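S.K.: Pasting in a structure now, in structure tokens, and then I'll have a few things to ask.
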Amino acid sequence: MLHRFAFANFQSFRERAEVDWLLDGKVPEAVWSTRAPTGERASAVMAVIGANASGKTALLKPILFLDWFVRDSFAAPPAADLPFEPHFAAQDEPTEFELELTADGQLWRYTLRCTPRRVLEEALYVRRTRMGYVFIRQWDEASQSYQVKQQDFGFQAAEARKVRQNASLLSTAAQYGVPLAQRLVRAMVSSNVHRWGRRVGDDQMLQAAAYFAEHPQSCAQAVRWLRRWDLGLSDVEVREVEADAPDGGKKKFWIPFGAHRLADGTTARLPFALESSGTQSVFVLLHRLLPVLEQGGLAVIDEFENDLHPHMLEPILVLFADEKTNPHGAQLLFTCHAMEVLNVLHKSQVMLVEKDEHNESTAWRLDSVEGIRSDDNFYAKYMAGAYGAVPQL
């Protein structure tokens, strides 16, 4: 379970920004949340709202970079730069990341300071009676090497010192079979965002079809929701087709078809390419959300409401609020331009993002705004500009 993440000098954010999921005793129990084994209570959903080009997507990317770094950086080409961009006014300054989460029934803190060229410091801490380090890895400029100290981690010291400058010690230790590292890198993160922004294109629908073909139980669950949300579908069928590949061979892939019952009792089947954009969007969105709901973890979705009617927001968000559909405490982080979401969420579940005239973004949680009340009309006040983070047109 994610408790918070923070970062500085990342894309349009030059100064430190923090996304805090923890809820205190003032937040009603009815607010969509989950409780960690360590006792902390964290929100199940977090919306990110702001004007176009304010930095909303940039607020999502640090958690996705960290997921890639601790899981897959071991496989990066040895000479490759780390895949992130510092603020363009601070290209020569390090970028910093910090992450707190619950895993294995314990509270962990992971920190990283780096440039695109190399890791400068990487550390993992765990709370026992208090926070103590598991490992600390630091770049020593004088010796042009890493100094590493460990405490109950289990990675051979000689191998730890040789971890590449563009790779995580945690990712590398997992490849070397260190049990703790292997457990920590298993966390499920599902997203429609990559380094350059939101994933778009027909390949998203084909990927969703392939996922549902491999996971028939998830497909059946998706069909149940599509029926309930009254999109005119009675069923979804995923068929394997074969086509000519550029190299002269054959390529197989999956195509989804929507089944529609007609007045005479017959059923018509349409390729999903001919379904409405909203139906396609829900189909693709569910293939991102259902794995996280079924296993636990974090879904990170940019433009959550893309092609959806505003009334669709709450039924989909409720999937994360109900223990029956979210038995493992999955969480959802998303950007949204449909301000109706302010009528659905608590003030502790909304992040506002704004960019100033110097092209520097800032972010703050809605409940940090002075004088805001839980019974305020958040939608009306936001639209009137009371909270900031609105377009200046």
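In the structure tokens, each chain is lettered A, B, ... as it comes, each chain's residues begin at 1, and ligands are numbered from 1 in order of appearance.
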For range 63-76 of chain A, please output as a short mmCIF file (atom, residue, chain, number, x, y, z; two decimals) with N, CA and C atoms, in the first residue's frame all residues within 8 Å (counting only C-alpha atoms; exclusion window: fewer than 3 positions along the same chain).

M.R.:
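Just written: around13.cif:
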```cif
data_model
loop_
_atom_site.label_atom_id
_atom_site.label_comp_id
_atom_site.auth_asym_id
_atom_site.auth_seq_id
_atom_site.Cartn_x
_atom_site.Cartn_y
_atom_site.Cartn_z
N PHE A 5 4.53 9.63 -1.93
CA PHE A 5 5.76 9.75 -2.70
C PHE A 5 6.05 11.23 -2.90
N LEU A 60 2.37 12.25 -12.15
CA LEU A 60 2.23 10.79 -12.16
C LEU A 60 3.55 10.08 -12.42
N ALA A 80 23.26 3.44 -21.13
CA ALA A 80 22.05 4.25 -21.32
C ALA A 80 21.85 5.24 -20.18
N PRO A 83 15.91 7.13 -17.75
CA PRO A 83 14.84 7.71 -18.58
C PRO A 83 13.96 8.71 -17.84
N PHE A 84 14.51 9.87 -17.53
CA PHE A 84 13.71 10.95 -16.98
C PHE A 84 14.38 12.27 -17.35
N ASN A 166 23.66 3.09 -13.75
CA ASN A 166 22.30 3.37 -14.21
C ASN A 166 21.32 2.28 -13.78
N ALA A 167 21.67 1.52 -12.77
CA ALA A 167 20.81 0.43 -12.30
C ALA A 167 20.58 0.55 -10.80
N SER A 168 19.44 0.05 -10.38
CA SER A 168 19.10 0.03 -8.96
C SER A 168 19.77 -1.15 -8.27
N LEU A 169 20.26 -0.92 -7.06
CA LEU A 169 20.78 -2.02 -6.27
C LEU A 169 19.66 -3.01 -5.93
N LEU A 170 18.45 -2.49 -5.73
CA LEU A 170 17.31 -3.34 -5.43
C LEU A 170 16.97 -4.23 -6.62
N SER A 171 16.94 -3.64 -7.83
CA SER A 171 16.66 -4.42 -9.04
C SER A 171 17.74 -5.46 -9.28
N THR A 172 19.00 -5.07 -9.07
CA THR A 172 20.11 -5.99 -9.29
C THR A 172 20.09 -7.12 -8.27
N GLN A 175 17.72 -9.82 -9.16
CA GLN A 175 18.24 -10.71 -10.21
C GLN A 175 19.23 -11.72 -9.64
N VAL A 185 10.12 -6.09 -5.25
CA VAL A 185 9.95 -5.64 -6.64
C VAL A 185 8.72 -6.26 -7.30
N ARG A 186 7.96 -7.06 -6.57
CA ARG A 186 6.77 -7.70 -7.16
C ARG A 186 5.54 -6.80 -7.20
N VAL A 189 1.97 -2.46 -10.57
CA VAL A 189 1.65 -1.11 -11.01
C VAL A 189 1.18 -1.21 -12.45
N HIS A 194 3.63 6.37 -20.32
CA HIS A 194 5.04 6.02 -20.48
C HIS A 194 5.88 7.30 -20.35
#
```

S.K.: I'd like the neighbourhood of range 228-234 of chain A as a PyMOL selection string, where a residue qualifies if any of its atoms comes within 10 Å (using only C-alpha atoms), though same-chain residues fewer than 5 positions away should be ignored.

M.R.: chain A and resi 222-223+257-261+267-269+275-276+278-279+282+312+315-316

S.K.: What's around Pro179 in chain A at 10 Å? Count only C-alpha atoms, leave out sequence neighbours fewer than 4 positions away in its own chain, and write the answer as number ranges by chain.

M.R.: A: 153-155, 173-175, 183-184

S.K.: Select, from A:Val292, A:Leu59, A:Ile372, A:Leu274, the residue with the minimum atom-to-atom distance to His346 in chain A, counting only C-alpha atoms.

M.R.: A:Ile372

S.K.: Output as number ranges by chain all residues of range 130-207 of chain A that backbone DSSP marks as strand (DSSP E or B).

M.R.: A: 131-140, 145-150, 189-191, 193-194, 197-198

S.K.: Skipping near chain neighbours, those fewer than 5 positions away, what residues fall within 10 Å of range 375-391 of chain A using only C-alpha atoms, listed as a list in words?

M.R.: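 The residues satisfying every condition are Ile49, Gly50, Ala51, Asn52, Ala53, Ser54, Met339, Glu340, Val341, Leu342, Asn343, Val344, Leu345, His346, Lys347, Met351, Leu352, Val353, Glu354, Lys355, Thr362, Ala363, Trp364, Leu366, Val369 and Glu370 of chain A.
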
S.K.: Within 9 Å of Glu85 in chain A, counting only C-alpha atoms, which residues show up once you throw out same-chain ones fewer than 6 positions away? Write them as number ranges by chain, please.

M.R.: A: 9-11, 91, 95, 115-116

S.K.: Find the spatial neighbours of range 205-220 of chain A, counting only C-alpha atoms, within a cut-off of 7 Å - ignore same-chain residues fewer than 6 positions away - and output them as a list of chain:residue names.

M.R.: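 Final neighbour list, sorted by chain and number: A:Val238, A:Trp254, A:Ile255, A:Pro256, A:Val284, A:His287, A:Leu290.
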
S.K.: Mind giving me the straight-line distance from CA of Arg127 in chain A to CA of Asp104 in chain A in Å, one decimal?

M.R.: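 Value for the CA of Arg127 in chain A-CA of Asp104 in chain A distance: 11.7 Å.
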
S.K.: What is the CA of Ala321 in chain A to CA of Ser348 in chain A distance in Å?

M.R.: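 Computed distance, CA of Ala321 in chain A to CA of Ser348 in chain A, equals 14.8 Å.
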
S.K.: Apply DSSP to the structure's backbone, then extract all residues of range 220-356 of chain A labelled alpha helix (DSSP H) and return them as a PyMOL selection string.

M.R.: chain A and resi 220-228+277-295+313-317

S.K.: For range 329-334 of chain A, find every residue with an atom within 8 Å (counting only C-alpha atoms), except residues of its own chain fewer than 4 positions away, and show them as a VMD selection string.

M.R.: chain A and resid 1 to 2 34 to 35 43 to 48 60 292 to 293 295 to 304 320 323

S.K.: Could you save those same residues with C-alpha atoms as an mmCIF file, in the first residue's frame?

M.R.:
```cif
data_model
loop_
_atom_site.group_PDB
_atom_site.id
_atom_site.type_symbol
_atom_site.label_atom_id
_atom_site.label_comp_id
_atom_site.auth_asym_id
_atom_site.auth_seq_id
_atom_site.Cartn_x
_atom_site.Cartn_y
_atom_site.Cartn_z
ATOM 1 C CA MET A 1 0.000 0.000 0.000
ATOM 2 C CA LEU A 2 1.346 3.392 -1.023
ATOM 3 C CA THR A 34 -7.929 1.099 3.290
ATOM 4 C CA ARG A 35 -5.954 0.322 6.431
ATOM 5 C CA SER A 43 -6.924 6.759 0.645
ATOM 6 C CA ALA A 44 -7.997 4.283 -2.040
ATOM 7 C CA VAL A 45 -8.120 6.931 -4.790
ATOM 8 C CA MET A 46 -6.360 10.199 -5.581
ATOM 9 C CA ALA A 47 -7.442 12.606 -8.335
ATOM 10 C CA VAL A 48 -5.059 15.119 -9.906
ATOM 11 C CA LEU A 60 2.228 10.791 -12.158
ATOM 12 C CA VAL A 292 -4.734 -4.277 -9.787
ATOM 13 C CA LEU A 293 -8.153 -4.848 -8.222
ATOM 14 C CA GLN A 295 -4.087 -8.676 -7.014
ATOM 15 C CA GLY A 296 -3.615 -5.416 -5.130
ATOM 16 C CA GLY A 297 -1.265 -2.630 -6.160
ATOM 17 C CA LEU A 298 -1.525 0.744 -7.861
ATOM 18 C CA ALA A 299 -3.231 1.875 -11.075
ATOM 19 C CA VAL A 300 -1.921 5.137 -12.573
ATOM 20 C CA ILE A 301 -4.234 6.533 -15.237
ATOM 21 C CA ASP A 302 -3.817 9.750 -17.208
ATOM 22 C CA GLU A 303 -7.065 11.398 -18.414
ATOM 23 C CA PHE A 304 -9.215 8.874 -16.602
ATOM 24 C CA PHE A 320 -11.832 0.838 -5.530
ATOM 25 C CA GLU A 323 -14.108 -4.483 -0.453
#
```

S.K.: If I take CA of Met131 in chain A and CA of Arg161 in chain A, how far is one from the other in Å, to one decimal?

M.R.: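 CA of Arg161 in chain A lies 23.7 Å from CA of Met131 in chain A.
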